[in-house]
$ cat structure_25.pdb   # PDB, C-alpha atoms
ATOM      1  CA  MET A  28     -24.276   5.536  31.322
ATOM      2  CA  ARG A  29     -22.268   7.354  28.673
ATOM      3  CA  PRO A  30     -20.429   4.985  26.288
ATOM      4  CA  ASP A  31     -16.655   4.922  26.237
ATOM      5  CA  PRO A  32     -15.765   7.471  23.507
ATOM      6  CA  LEU A  33     -12.876   5.501  22.030
ATOM      7  CA  THR A  34     -14.846   2.259  21.856
ATOM      8  CA  ALA A  35     -17.749   4.039  20.186
ATOM      9  CA  PHE A  36     -15.396   5.772  17.735
ATOM     10  CA  PHE A  37     -13.710   2.569  16.624
ATOM     11  CA  GLN A  38     -17.025   0.777  16.300
ATOM     12  CA  MET A  39     -18.117   3.553  13.944
ATOM     13  CA  LEU A  40     -14.918   3.278  11.896
ATOM     14  CA  SER A  41     -15.268  -0.473  11.574
ATOM     15  CA  VAL A  42     -19.006  -0.723  10.931
ATOM     16  CA  GLU A  43     -19.965   2.495   9.139
ATOM     17  CA  ARG A  44     -16.761   3.260   7.256
ATOM     18  CA  ASN A  45     -15.501  -0.300   6.858
ATOM     19  CA  ALA A  46     -12.036   0.811   7.951
ATOM     20  CA  SER A  47      -9.348  -1.853   7.791
ATOM     21  CA  PRO A  48      -7.882  -3.318  11.002
ATOM     22  CA  ARG A  49      -4.582  -1.604  10.156
ATOM     23  CA  THR A  50      -6.267   1.803   9.966
ATOM     24  CA  CYS A  51      -8.029   1.248  13.291
ATOM     25  CA  GLU A  52      -4.755   0.111  14.858
ATOM     26  CA  ALA A  53      -2.904   3.181  13.559
ATOM     27  CA  TYR A  54      -5.626   5.569  14.732
ATOM     28  CA  GLY A  55      -5.651   3.816  18.101
ATOM     29  CA  GLN A  56      -1.932   4.436  18.504
ATOM     30  CA  ASP A  57      -2.345   8.073  17.430
ATOM     31  CA  LEU A  58      -5.036   8.687  20.055
ATOM     32  CA  LEU A  59      -2.976   6.829  22.654
ATOM     33  CA  ASP A  60      -0.114   9.220  21.878
ATOM     34  CA  LEU A  61      -2.467  12.140  22.535
ATOM     35  CA  ARG A  62      -3.602  10.608  25.827
ATOM     36  CA  SER A  63      -0.004  10.039  26.914
ATOM     37  CA  HIS A  64       0.962  13.593  26.005
ATOM     38  CA  ALA A  65      -1.981  15.057  27.948
ATOM     39  CA  GLY A  66      -1.819  12.523  30.789
ATOM     40  CA  VAL A  67      -5.495  11.536  30.545
ATOM     41  CA  ASP A  68      -7.561   8.390  30.104
ATOM     42  CA  ALA A  69     -10.123   7.799  27.348
ATOM     43  CA  GLU A  70     -12.792   9.881  29.110
ATOM     44  CA  GLY A  71     -10.226  12.597  29.746
ATOM     45  CA  LEU A  72      -9.867  13.148  26.001
ATOM     46  CA  LEU A  73     -13.241  14.902  26.153
ATOM     47  CA  THR A  74     -11.884  17.450  28.639
ATOM     48  CA  LEU A  75      -8.957  18.654  26.519
ATOM     49  CA  SER A  76      -8.874  22.226  25.259
ATOM     50  CA  GLU A  77      -7.635  23.743  22.027
ATOM     51  CA  SER A  78      -4.365  24.613  23.729
ATOM     52  CA  HIS A  79      -3.869  20.969  24.715
ATOM     53  CA  ILE A  80      -4.371  19.825  21.128
ATOM     54  CA  ALA A  81      -2.146  22.604  19.753
ATOM     55  CA  GLY A  82       0.587  21.608  22.208
ATOM     56  CA  PHE A  83       0.345  17.986  21.122
ATOM     57  CA  PHE A  84       0.759  18.824  17.449
ATOM     58  CA  ALA A  85       3.581  21.255  18.196
ATOM     59  CA  ALA A  86       5.396  18.412  19.972
ATOM     60  CA  LEU A  87       4.798  16.139  16.957
ATOM     61  CA  ASP A  88       6.140  18.767  14.562
ATOM     62  CA  ALA A  89       9.279  19.090  16.684
ATOM     63  CA  ARG A  90       9.941  15.353  16.340
ATOM     64  CA  GLY A  91      10.494  15.700  12.608
ATOM     65  CA  LEU A  92       8.019  13.003  11.633
ATOM     66  CA  ALA A  93       7.228  12.315   7.985
ATOM     67  CA  SER A  94       4.484  14.516   6.575
ATOM     68  CA  SER A  95       2.352  11.442   5.824
ATOM     69  CA  THR A  96       2.568  10.371   9.494
ATOM     70  CA  LEU A  97       1.653  13.856  10.710
ATOM     71  CA  GLN A  98      -1.248  13.944   8.266
ATOM     72  CA  ARG A  99      -2.596  10.649   9.584
ATOM     73  CA  LYS A 100      -2.279  11.712  13.230
ATOM     74  CA  ARG A 101      -4.156  14.929  12.514
ATOM     75  CA  ALA A 102      -6.831  12.955  10.686
ATOM     76  CA  ALA A 103      -7.219  10.567  13.628
ATOM     77  CA  VAL A 104      -7.615  13.364  16.185
ATOM     78  CA  ARG A 105      -9.923  15.493  14.052
ATOM     79  CA  GLN A 106     -12.168  12.574  13.119
ATOM     80  CA  PHE A 107     -12.378  11.476  16.760
ATOM     81  CA  TYR A 108     -13.539  14.863  18.011
ATOM     82  CA  ARG A 109     -15.937  15.423  15.127
ATOM     83  CA  PHE A 110     -17.480  12.054  15.914
ATOM     84  CA  CYS A 111     -17.816  12.922  19.615
ATOM     85  CA  VAL A 112     -19.603  16.199  18.802
ATOM     86  CA  ARG A 113     -21.875  14.532  16.267
ATOM     87  CA  GLU A 114     -22.848  11.795  18.726
ATOM     88  CA  GLY A 115     -23.426  14.215  21.589
ATOM     89  CA  LEU A 116     -20.491  12.937  23.628
ATOM     90  CA  SER A 117     -18.905  16.400  23.683
ATOM     91  CA  ASP A 118     -20.127  19.959  23.174
ATOM     92  CA  ILE A 119     -16.951  21.298  21.571
ATOM     93  CA  ASP A 120     -14.340  20.168  19.084
ATOM     94  CA  PRO A 121     -10.931  21.299  20.420
ATOM     95  CA  SER A 122      -9.236  20.189  17.188
ATOM     96  CA  ARG A 123     -11.267  22.401  14.863
ATOM     97  CA  LYS A 124      -8.623  25.133  14.557
ATOM     98  CA  ILE A 125      -5.725  22.778  13.960
ATOM     99  CA  ALA A 126      -4.486  23.215  10.417
ATOM    100  CA  ALA A 127      -4.012  20.110   8.343
ATOM    101  CA  ALA A 128      -0.417  19.034   7.872
ATOM    102  CA  LYS A 129       1.172  20.133   4.662
ATOM    103  CA  LYS A 130       0.931  17.072   2.528
ATOM    104  CA  GLY A 131       4.076  16.696   0.559
ATOM    105  CA  ARG A 132       3.572  14.005  -2.048
ATOM    106  CA  PRO A 133       6.922  12.944  -3.453
ATOM    107  CA  LEU A 134       6.921  11.206  -6.788
ATOM    108  CA  PRO A 135       6.709   7.439  -6.286
ATOM    109  CA  LYS A 136       9.826   5.355  -6.780
ATOM    110  CA  ILE A 137       9.669   3.011  -9.727
ATOM    111  CA  LEU A 138      11.809   0.529 -11.606
ATOM    112  CA  SER A 139      12.467   0.500 -15.327
ATOM    113  CA  ARG A 140      11.197  -2.375 -17.447
ATOM    114  CA  GLU A 141      14.760  -3.659 -17.682
ATOM    115  CA  GLU A 142      15.133  -3.605 -13.896
ATOM    116  CA  VAL A 143      11.889  -5.558 -13.441
ATOM    117  CA  ASP A 144      13.198  -8.159 -15.897
ATOM    118  CA  ALA A 145      16.489  -8.282 -14.001
ATOM    119  CA  LEU A 146      14.616  -8.777 -10.734
ATOM    120  CA  ILE A 147      12.681 -11.725 -12.156
ATOM    121  CA  ALA A 148      15.846 -13.238 -13.599
ATOM    122  CA  ALA A 149      17.653 -12.789 -10.265
ATOM    123  CA  ALA A 150      15.104 -15.030  -8.555
ATOM    124  CA  ASP A 151      16.845 -17.954 -10.285
ATOM    125  CA  ALA A 152      19.693 -17.560  -7.818
ATOM    126  CA  LYS A 153      17.509 -19.199  -5.175
ATOM    127  CA  ASP A 154      16.840 -22.915  -4.784
ATOM    128  CA  ALA A 155      14.643 -24.220  -7.598
ATOM    129  CA  HIS A 156      11.272 -24.171  -5.838
ATOM    130  CA  GLN A 157      12.057 -20.926  -3.991
ATOM    131  CA  ALA A 158      12.986 -19.345  -7.327
ATOM    132  CA  ILE A 159       9.731 -20.403  -8.971
ATOM    133  CA  ARG A 160       7.673 -18.996  -6.111
ATOM    134  CA  LEU A 161       9.516 -15.669  -6.087
ATOM    135  CA  GLN A 162       9.231 -15.314  -9.862
ATOM    136  CA  CYS A 163       5.499 -15.954  -9.541
ATOM    137  CA  LEU A 164       5.198 -13.280  -6.840
ATOM    138  CA  ILE A 165       7.017 -10.681  -8.929
ATOM    139  CA  GLU A 166       5.137 -11.544 -12.124
ATOM    140  CA  ILE A 167       1.759 -11.224 -10.385
ATOM    141  CA  ALA A 168       2.698  -7.943  -8.689
ATOM    142  CA  TYR A 169       3.971  -6.371 -11.901
ATOM    143  CA  ALA A 170       1.184  -7.715 -14.119
ATOM    144  CA  SER A 171      -1.680  -6.724 -11.832
ATOM    145  CA  GLY A 172      -0.609  -3.739  -9.733
ATOM    146  CA  MET A 173      -2.057  -5.415  -6.647
ATOM    147  CA  ARG A 174      -1.058  -4.342  -3.159
ATOM    148  CA  VAL A 175       1.143  -6.827  -1.316
ATOM    149  CA  SER A 176      -1.634  -7.416   1.231
ATOM    150  CA  GLU A 177      -3.909  -8.411  -1.651
ATOM    151  CA  ILE A 178      -1.297 -10.717  -3.180
ATOM    152  CA  VAL A 179      -0.512 -12.684  -0.030
ATOM    153  CA  ALA A 180      -4.243 -13.070   0.649
ATOM    154  CA  LEU A 181      -4.921 -14.559  -2.806
ATOM    155  CA  ARG A 182      -6.742 -17.849  -2.517
ATOM    156  CA  LEU A 183      -5.767 -20.958  -4.408
ATOM    157  CA  ASP A 184      -9.182 -21.398  -6.002
ATOM    158  CA  ALA A 185      -8.874 -17.947  -7.620
ATOM    159  CA  VAL A 186      -6.122 -19.097 -10.000
ATOM    160  CA  GLN A 187      -6.685 -22.803 -10.542
ATOM    161  CA  LYS A 188      -8.634 -22.318 -13.794
ATOM    162  CA  ASP A 189      -5.941 -20.122 -15.382
ATOM    163  CA  PRO A 190      -7.955 -16.877 -15.378
ATOM    164  CA  ALA A 191      -6.999 -13.829 -17.426
ATOM    165  CA  TYR A 192      -8.385 -11.623 -14.643
ATOM    166  CA  LEU A 193      -8.669 -11.901 -10.875
ATOM    167  CA  ILE A 194     -11.388 -10.464  -8.672
ATOM    168  CA  VAL A 195      -9.656  -8.692  -5.797
ATOM    169  CA  LYS A 196     -11.197  -7.229  -2.669
ATOM    170  CA  GLY A 197      -9.283  -4.065  -1.851
ATOM    171  CA  LYS A 198      -9.523  -1.228   0.652
ATOM    172  CA  GLY A 199     -12.985  -0.600   2.043
ATOM    173  CA  GLY A 200     -14.123  -4.015   0.870
ATOM    174  CA  THR A 201     -14.518  -2.844  -2.735
ATOM    175  CA  GLU A 202     -13.964  -5.417  -5.471
ATOM    176  CA  ARG A 203     -12.174  -4.846  -8.769
ATOM    177  CA  LEU A 204     -10.851  -6.823 -11.726
ATOM    178  CA  VAL A 205      -7.083  -6.996 -12.165
ATOM    179  CA  PRO A 206      -5.333  -8.426 -15.240
ATOM    180  CA  LEU A 207      -2.906 -11.305 -15.533
ATOM    181  CA  ASN A 208      -0.733 -11.248 -18.636
ATOM    182  CA  PRO A 209       0.494 -14.493 -20.288
ATOM    183  CA  SER A 210       3.840 -14.285 -18.488
ATOM    184  CA  ALA A 211       2.149 -14.112 -15.081
ATOM    185  CA  ARG A 212      -0.223 -16.943 -15.957
ATOM    186  CA  THR A 213       2.699 -19.139 -16.979
ATOM    187  CA  ALA A 214       4.508 -18.281 -13.746
ATOM    188  CA  ILE A 215       1.415 -19.271 -11.751
ATOM    189  CA  LYS A 216       1.179 -22.631 -13.561
ATOM    190  CA  ASP A 217       4.834 -23.351 -12.835
ATOM    191  CA  TYR A 218       4.398 -22.418  -9.187
ATOM    192  CA  LEU A 219       1.262 -24.530  -8.714
ATOM    193  CA  ASP A 220       3.283 -27.601  -9.690
ATOM    194  CA  ILE A 221       5.657 -27.130  -6.765
ATOM    195  CA  ARG A 222       3.319 -25.385  -4.267
ATOM    196  CA  PRO A 223       2.857 -28.592  -2.180
ATOM    197  CA  LEU A 224       6.537 -28.347  -1.218
ATOM    198  CA  PHE A 225       5.676 -25.317   0.923
ATOM    199  CA  LEU A 226       2.972 -27.174   2.839
ATOM    200  CA  GLY A 227       3.307 -29.206   6.011
ATOM    201  CA  ALA A 228       1.945 -32.722   6.244
ATOM    202  CA  LYS A 229      -1.212 -31.467   7.968
ATOM    203  CA  ASP A 230      -1.679 -28.367   5.816
ATOM    204  CA  LYS A 231      -3.073 -29.893   2.624
ATOM    205  CA  ALA A 232      -6.287 -27.880   2.968
ATOM    206  CA  ASN A 233      -4.441 -24.533   3.139
ATOM    207  CA  PRO A 234      -6.570 -22.145   1.006
ATOM    208  CA  PHE A 235      -3.911 -19.559   0.133
ATOM    209  CA  LEU A 236      -1.972 -19.418  -3.117
ATOM    210  CA  PHE A 237       1.226 -18.342  -1.379
ATOM    211  CA  CYS A 238       0.847 -20.776   1.489
ATOM    212  CA  SER A 239       3.073 -20.825   4.522
ATOM    213  CA  ARG A 240       3.505 -22.937   7.610
ATOM    214  CA  GLY A 241       3.332 -19.789   9.733
ATOM    215  CA  ALA A 242       0.427 -18.730  11.924
ATOM    216  CA  GLN A 243      -1.300 -16.720   9.183
ATOM    217  CA  GLY A 244      -1.216 -19.579   6.717
ATOM    218  CA  HIS A 245       0.309 -17.414   3.992
ATOM    219  CA  LEU A 246       3.466 -15.422   3.352
ATOM    220  CA  THR A 247       3.642 -12.232   5.378
ATOM    221  CA  ARG A 248       4.159  -8.795   3.869
ATOM    222  CA  ARG A 249       7.472  -8.590   5.683
ATOM    223  CA  ARG A 250       8.684 -11.894   4.217
ATOM    224  CA  VAL A 251       7.778 -10.784   0.700
ATOM    225  CA  GLY A 252       9.805  -7.622   1.265
ATOM    226  CA  GLN A 253      12.783  -9.696   2.421
ATOM    227  CA  LEU A 254      12.599 -11.904  -0.650
ATOM    228  CA  LEU A 255      12.543  -8.861  -2.925
ATOM    229  CA  ASP A 256      15.548  -7.377  -1.110
ATOM    230  CA  GLU A 257      17.494 -10.578  -1.765
ATOM    231  CA  ALA A 258      16.517 -10.569  -5.433
ATOM    232  CA  ALA A 259      17.474  -6.898  -5.751
ATOM    233  CA  LEU A 260      20.956  -7.569  -4.407
ATOM    234  CA  GLU A 261      21.379 -10.451  -6.848
ATOM    235  CA  ALA A 262      20.208  -8.200  -9.703
ATOM    236  CA  GLY A 263      22.603  -5.412  -8.753
ATOM    237  CA  ILE A 264      19.793  -3.053  -7.759
ATOM    238  CA  ASP A 265      19.835  -1.049  -4.533
ATOM    239  CA  PRO A 266      17.356  -2.877  -2.239
ATOM    240  CA  ALA A 267      16.189   0.512  -0.957
ATOM    241  CA  ARG A 268      14.662   1.060  -4.400
ATOM    242  CA  VAL A 269      12.729  -2.216  -4.386
ATOM    243  CA  SER A 270       9.584  -3.150  -2.499
ATOM    244  CA  PRO A 271       6.192  -4.689  -3.297
ATOM    245  CA  HIS A 272       4.735  -1.194  -3.586
ATOM    246  CA  VAL A 273       7.469  -0.132  -6.004
ATOM    247  CA  LEU A 274       6.297  -2.922  -8.335
ATOM    248  CA  ARG A 275       2.778  -1.468  -8.062
ATOM    249  CA  HIS A 276       4.195   1.944  -8.961
ATOM    250  CA  ALA A 277       6.032   0.434 -11.930
ATOM    251  CA  PHE A 278       2.834  -1.242 -13.137
ATOM    252  CA  ALA A 279       0.941   2.054 -13.147
ATOM    253  CA  THR A 280       3.715   4.174 -14.640
ATOM    254  CA  HIS A 281       4.559   1.739 -17.427
ATOM    255  CA  LEU A 282       0.870   1.512 -18.362
ATOM    256  CA  LEU A 283       0.665   5.296 -18.683
ATOM    257  CA  GLU A 284       3.908   5.400 -20.655
ATOM    258  CA  GLY A 285       2.334   2.878 -23.000
ATOM    259  CA  GLY A 286      -0.682   5.104 -23.586
ATOM    260  CA  ALA A 287      -3.212   3.705 -21.085
ATOM    261  CA  ASP A 288      -6.073   5.982 -20.044
ATOM    262  CA  LEU A 289      -5.722   7.470 -16.565
ATOM    263  CA  ARG A 290      -9.227   6.350 -15.592
ATOM    264  CA  VAL A 291      -8.393   2.775 -16.564
ATOM    265  CA  VAL A 292      -5.261   2.841 -14.411
ATOM    266  CA  GLN A 293      -7.303   4.285 -11.528
ATOM    267  CA  THR A 294      -9.733   1.368 -11.795
ATOM    268  CA  LEU A 295      -6.979  -1.235 -12.000
ATOM    269  CA  LEU A 296      -5.232   0.184  -8.929
ATOM    270  CA  GLY A 297      -8.472   0.467  -6.947
ATOM    271  CA  HIS A 298      -8.015   4.175  -6.197
ATOM    272  CA  ALA A 299     -11.160   5.886  -4.940
ATOM    273  CA  ASP A 300      -9.916   9.322  -6.030
ATOM    274  CA  ILE A 301      -8.287   9.942  -9.405
ATOM    275  CA  SER A 302      -6.003  12.554  -7.821
ATOM    276  CA  THR A 303      -4.163   9.648  -6.185
ATOM    277  CA  THR A 304      -3.554   8.134  -9.614
ATOM    278  CA  GLN A 305      -2.516  11.402 -11.254
ATOM    279  CA  VAL A 306       0.839  11.350  -9.487
ATOM    280  CA  TYR A 307       1.902   8.649 -11.958
ATOM    281  CA  THR A 308       1.386  11.007 -14.886
ATOM    282  CA  HIS A 309       4.110  13.201 -13.394
ATOM    283  CA  VAL A 310       6.460  10.227 -13.148
ATOM    284  CA  ALA A 311       5.753   9.207 -16.731
ATOM    285  CA  THR A 312       6.314  12.803 -17.908
ATOM    286  CA  GLU A 313       9.615  13.071 -16.051
ATOM    287  CA  ARG A 314      10.822   9.786 -17.550
ATOM    288  CA  LEU A 315       9.808  10.892 -21.047
ATOM    289  CA  LYS A 316      11.674  14.169 -20.555
ATOM    290  CA  GLU A 317      14.764  12.277 -19.404
ATOM    291  CA  VAL A 318      14.659   9.997 -22.464
ATOM    292  CA  VAL A 319      14.343  12.946 -24.838
ATOM    293  CA  GLU A 320      17.157  14.905 -23.181
ATOM    294  CA  THR A 321      19.418  11.869 -23.135
ATOM    295  CA  HIS A 322      18.797  10.343 -26.552
ATOM    296  CA  HIS A 323      17.283  12.917 -28.914
ATOM    297  CA  PRO A 324      19.945  14.413 -31.227
ATOM    298  CA  LEU A 325      18.504  17.915 -30.937
ATOM    299  CA  SER A 326      19.141  17.893 -27.201
ATOM    300  CA  LYS A 327      22.876  17.806 -27.886
ATOM    301  CA  ARG A 328      22.954  20.650 -30.413
ATOM    302  CA  ARG A 329      24.074  24.077 -29.380
ATOM    303  CA  PHE A 330      22.581  27.173 -30.859
ATOM    304  CA  GLY A 331      24.859  30.217 -30.918
TER
END
$ encode --input "structure_25.pdb" --output "structure tokens"
Amino acid sequence: MRPDPLTAFFQMLSVERNASPRTCEAYGQDLLDLRSHAGVDAEGLLTLSESHIAGFFAALDARGLASSTLQRKRAAVRQFYRFCVREGLSDIDPSRKIAAAKKGRPLPKILSREEVDALIAAADAKDAHQAIRLQCLIEIAYASGMRVSEIVALRLDAVQKDPAYLIVKGKGGTERLVPLNPSARTAIKDYLDIRPLFLGAKDKANPFLFCSRGAQGHLTRRRVGQLLDEAALEAGIDPARVSPHVLRHAFATHLLEGGADLRVVQTLLGHADISTTQVYTHVATERLKEVVETHHPLSKRRFG
């Protein structure tokens, strides 16, 4: 009996490529969209022709989706059919002539050093223990460049001995060292003193640094985003410019502005490909150009 192609594909992603649950979920939705468009079940995906696939992507293009979304959907479909051919589930790959989506990579949004300071200061507007927790979150994010998913999953035992570095497991299960500057370490100490206030009576064994009484046991990514939005408003910053990932962008850009080596920043961010990190050099260059044009006296001279 031939195995279900989708089940086999997702088993491969999970076991061989160590894909995250979020990636598998996104790819699953992308392939479900293809099935819905073509009106077929999982087995029916193996009967689709090049014209079917071309029609699907034409419909996606007409919806005006973001280029990153289109890129991911193309990747999901192409990887699925390549897998099916490789495993002998199908004789042809109907996606092979589909061009990859044009990958526009806009420069990442960042905050200035002054805006990060204002964001931390704005956390004081909250109740005392809420303020201490939010300041700790921001300090860790800005000091380490960690992804928000990595921050909320931090375990209590990772910080109890006041480490200068944390060992973080990132995408693909790879581990890396991330720094904690003195300001972040002080913020963690302050937060640990009041952390029990966020625990329920039966939650004393909660293992997460940013514990929560919710089902996951820790703050959710969405809740962290909400807290940052509130701090941004208090700081007079447009909340649309602030997110956990923007703090990661600021970490990388400010390091490069300070003279850090690109390879070092790549390692700290956990990027597999240095081309992903290189985008921050463009941001740093643009900011340097803006500073020179705004403040250098020669920029204001006119030559006749």
$ closest_residue --input "structure_25.pdb" --among "A:Arg212, A:His298, A:Lys136, A:Arg62" --to "Glu166 in chain A" --atoms "only C-alpha atoms"
A:Arg212
$ residues_around --input "structure_25.pdb" --residues "Ala287 in chain A" --least-positions-apart "6" --cutoff "12 Å" --atoms "only C-alpha atoms" --output "list in words"
Phe278, Ala279, Thr280, His281, Gln293, Thr294, Leu295, Tyr307, Thr308 and Ala311 of chain A
$ atom_distance --input "structure_25.pdb" --atom1 "CA of Val104 in chain A" --atom2 "CA of Arg44 in chain A"
16.3 Å
$ resolve_selection --input "structure_25.pdb" --expression "the PyMOL selection byres ((chain A and resi 186) around 12)" --output "MDAnalysis selection string"
chainID A and resid 167 178 181:185 187:195 206:207 211:216 218:219 234:237
$ residues_around --input "structure_25.pdb" --residues "Ile159 in chain A" --least-positions-apart "3" --cutoff "10 Å" --atoms "all atoms listed in the file" --output "ChimeraX atom specification"
/A:147,150-151,153-156,162-164,214-222
$ resolve_selection --input "structure_25.pdb" --expression "the PyMOL selection byres ((chain A and resi 75) around 12)" --output "list in words"
Leu61, Arg62, His64, Ala65, Gly66, Val67, Asp68, Ala69, Glu70, Gly71, Leu72, Leu73, Thr74, Ser76, Glu77, Ser78, His79, Ile80, Ala81, Gly82, Phe83, Val104, Tyr108, Ser117, Asp118, Ile119, Asp120, Pro121 and Ser122 of chain A
$ resolve_selection --input "structure_25.pdb" --expression "the PyMOL selection byres ((chain A and resi 202) around 12)" --output "list in words"
Met173, Glu177, Leu193, Ile194, Val195, Lys196, Gly197, Lys198, Gly199, Gly200, Thr201, Arg203, Leu204, Val205, Thr294, Leu295, Leu296, Gly297, His298 and Ala299 of chain A
$ axis_aligned_box --input "structure_25.pdb" --around "range 179-190 of chain A" --padding-each-side "8 Å" --output "lines of an AutoDock Vina configuration file"
center_x = -4.8
center_y = -17.7
center_z = -7.4
size_x = 24.7
size_y = 26.1
size_z = 32.0
$ atom_distance --input "structure_25.pdb" --atom1 "CA of Val291 in chain A" --atom2 "CA of Val175 in chain A"
20.4 Å
$ closest_atom_pairs --input "structure_25.pdb" --of "range 119-188 of chain A" --to "range 241-260 of chain A" --cutoff "6 Å" --atoms "all atoms listed in the file" --output "Markdown table"
| residue | atom | partner | partner_atom | distance |
| --- | --- | --- | --- | --- |
| A:Leu146 | CA | A:Ala258 | CA | 5.9 |
| A:Ala149 | CA | A:Ala258 | CA | 5.4 |
| A:Ala150 | CA | A:Ala258 | CA | 5.6 |
| A:Val179 | CA | A:Leu246 | CA | 5.9 |
$ atom_distance --input "structure_25.pdb" --atom1 "CA of Arg113 in chain A" --atom2 "CA of Ala46 in chain A"
18.8 Å
$ closest_residue --input "structure_25.pdb" --among "A:Leu283, A:Ala35, A:Ile165, A:Ala262" --to "Ala152 in chain A" --atoms "only C-alpha atoms"
A:Ala262
$ closest_residue --input "structure_25.pdb" --among "A:Phe110, A:Ser302, A:Ser239, A:Asn208" --to "Glu43 in chain A" --atoms "only C-alpha atoms"
A:Phe110
$ residues_around --input "structure_25.pdb" --residues "Pro48 in chain A" --least-positions-apart "3" --cutoff "12 Å" --atoms "all atoms listed in the file" --output "PyMOL selection string"
chain A and resi 37-38+40-42+44-45+51-55+198-200
$ write_last_selection --input "structure_25.pdb" --atoms "C-alpha atoms" --output "PDB file, keeping the file's coordinate frame"
ATOM      1  CA  PHE A  37     -13.710   2.569  16.624  1.00  0.00           C
ATOM      2  CA  GLN A  38     -17.025   0.777  16.300  1.00  0.00           C
ATOM      3  CA  LEU A  40     -14.918   3.278  11.896  1.00  0.00           C
ATOM      4  CA  SER A  41     -15.268  -0.473  11.574  1.00  0.00           C
ATOM      5  CA  VAL A  42     -19.006  -0.723  10.931  1.00  0.00           C
ATOM      6  CA  ARG A  44     -16.761   3.260   7.256  1.00  0.00           C
ATOM      7  CA  ASN A  45     -15.501  -0.300   6.858  1.00  0.00           C
ATOM      8  CA  CYS A  51      -8.029   1.248  13.291  1.00  0.00           C
ATOM      9  CA  GLU A  52      -4.755   0.111  14.858  1.00  0.00           C
ATOM     10  CA  ALA A  53      -2.904   3.181  13.559  1.00  0.00           C
ATOM     11  CA  TYR A  54      -5.626   5.569  14.732  1.00  0.00           C
ATOM     12  CA  GLY A  55      -5.651   3.816  18.101  1.00  0.00           C
ATOM     13  CA  LYS A 198      -9.523  -1.228   0.652  1.00  0.00           C
ATOM     14  CA  GLY A 199     -12.985  -0.600   2.043  1.00  0.00           C
ATOM     15  CA  GLY A 200     -14.123  -4.015   0.870  1.00  0.00           C
TER      16      GLY A 200
END
$ closest_residue --input "structure_25.pdb" --among "A:Ala170, A:Val273, A:Met39, A:Ala85" --to "Leu97 in chain A" --atoms "only C-alpha atoms"
A:Ala85
$ closest_residue --input "structure_25.pdb" --among "A:Ala103, A:Asp300, A:Thr34, A:Arg160" --to "Leu58 in chain A" --atoms "only C-alpha atoms"
A:Ala103
$ decode --input "structure_25.pdb" --residues "range 192-205 of chain A" --atoms "N, CA and C atoms" --output "mmCIF file, in the first residue's frame"
data_model
loop_
_atom_site.group_PDB
_atom_site.id
_atom_site.type_symbol
_atom_site.label_atom_id
_atom_site.label_comp_id
_atom_site.auth_asym_id
_atom_site.auth_seq_id
_atom_site.Cartn_x
_atom_site.Cartn_y
_atom_site.Cartn_z
ATOM 1 N N TYR A 192 26.743 34.712 29.569
ATOM 2 C CA TYR A 192 26.266 34.195 28.295
ATOM 3 C C TYR A 192 25.184 33.157 28.554
ATOM 4 N N LEU A 193 24.278 33.022 27.607
ATOM 5 C CA LEU A 193 23.264 31.973 27.653
ATOM 6 C C LEU A 193 23.489 31.017 26.492
ATOM 7 N N ILE A 194 23.160 29.763 26.703
ATOM 8 C CA ILE A 194 23.168 28.787 25.616
ATOM 9 C C ILE A 194 21.738 28.663 25.112
ATOM 10 N N VAL A 195 21.532 29.008 23.860
ATOM 11 C CA VAL A 195 20.184 29.058 23.287
ATOM 12 C C VAL A 195 20.074 28.042 22.153
ATOM 13 N N LYS A 196 18.970 27.313 22.157
ATOM 14 C CA LYS A 196 18.696 26.392 21.055
ATOM 15 C C LYS A 196 17.784 27.113 20.067
ATOM 16 N N GLY A 197 18.298 27.342 18.866
ATOM 17 C CA GLY A 197 17.556 28.102 17.874
ATOM 18 C C GLY A 197 16.941 27.231 16.809
ATOM 19 N N LYS A 198 16.758 27.798 15.615
ATOM 20 C CA LYS A 198 16.129 27.078 14.514
ATOM 21 C C LYS A 198 16.955 25.854 14.140
ATOM 22 N N GLY A 199 16.264 24.776 13.803
ATOM 23 C CA GLY A 199 16.957 23.552 13.423
ATOM 24 C C GLY A 199 17.626 22.844 14.575
ATOM 25 N N GLY A 200 17.346 23.290 15.806
ATOM 26 C CA GLY A 200 17.927 22.637 16.966
ATOM 27 C C GLY A 200 19.378 22.987 17.215
ATOM 28 N N THR A 201 19.919 23.974 16.486
ATOM 29 C CA THR A 201 21.318 24.350 16.673
ATOM 30 C C THR A 201 21.464 25.229 17.914
ATOM 31 N N GLU A 202 22.556 25.032 18.643
ATOM 32 C CA GLU A 202 22.816 25.801 19.845
ATOM 33 C C GLU A 202 23.841 26.891 19.575
ATOM 34 N N ARG A 203 23.710 28.014 20.283
ATOM 35 C CA ARG A 203 24.672 29.097 20.154
ATOM 36 C C ARG A 203 24.766 29.835 21.489
ATOM 37 N N LEU A 204 25.871 30.554 21.669
ATOM 38 C CA LEU A 204 26.045 31.406 22.835
ATOM 39 C C LEU A 204 25.537 32.807 22.523
ATOM 40 N N VAL A 205 24.777 33.390 23.440
ATOM 41 C CA VAL A 205 24.348 34.776 23.272
ATOM 42 C C VAL A 205 24.761 35.554 24.522
#
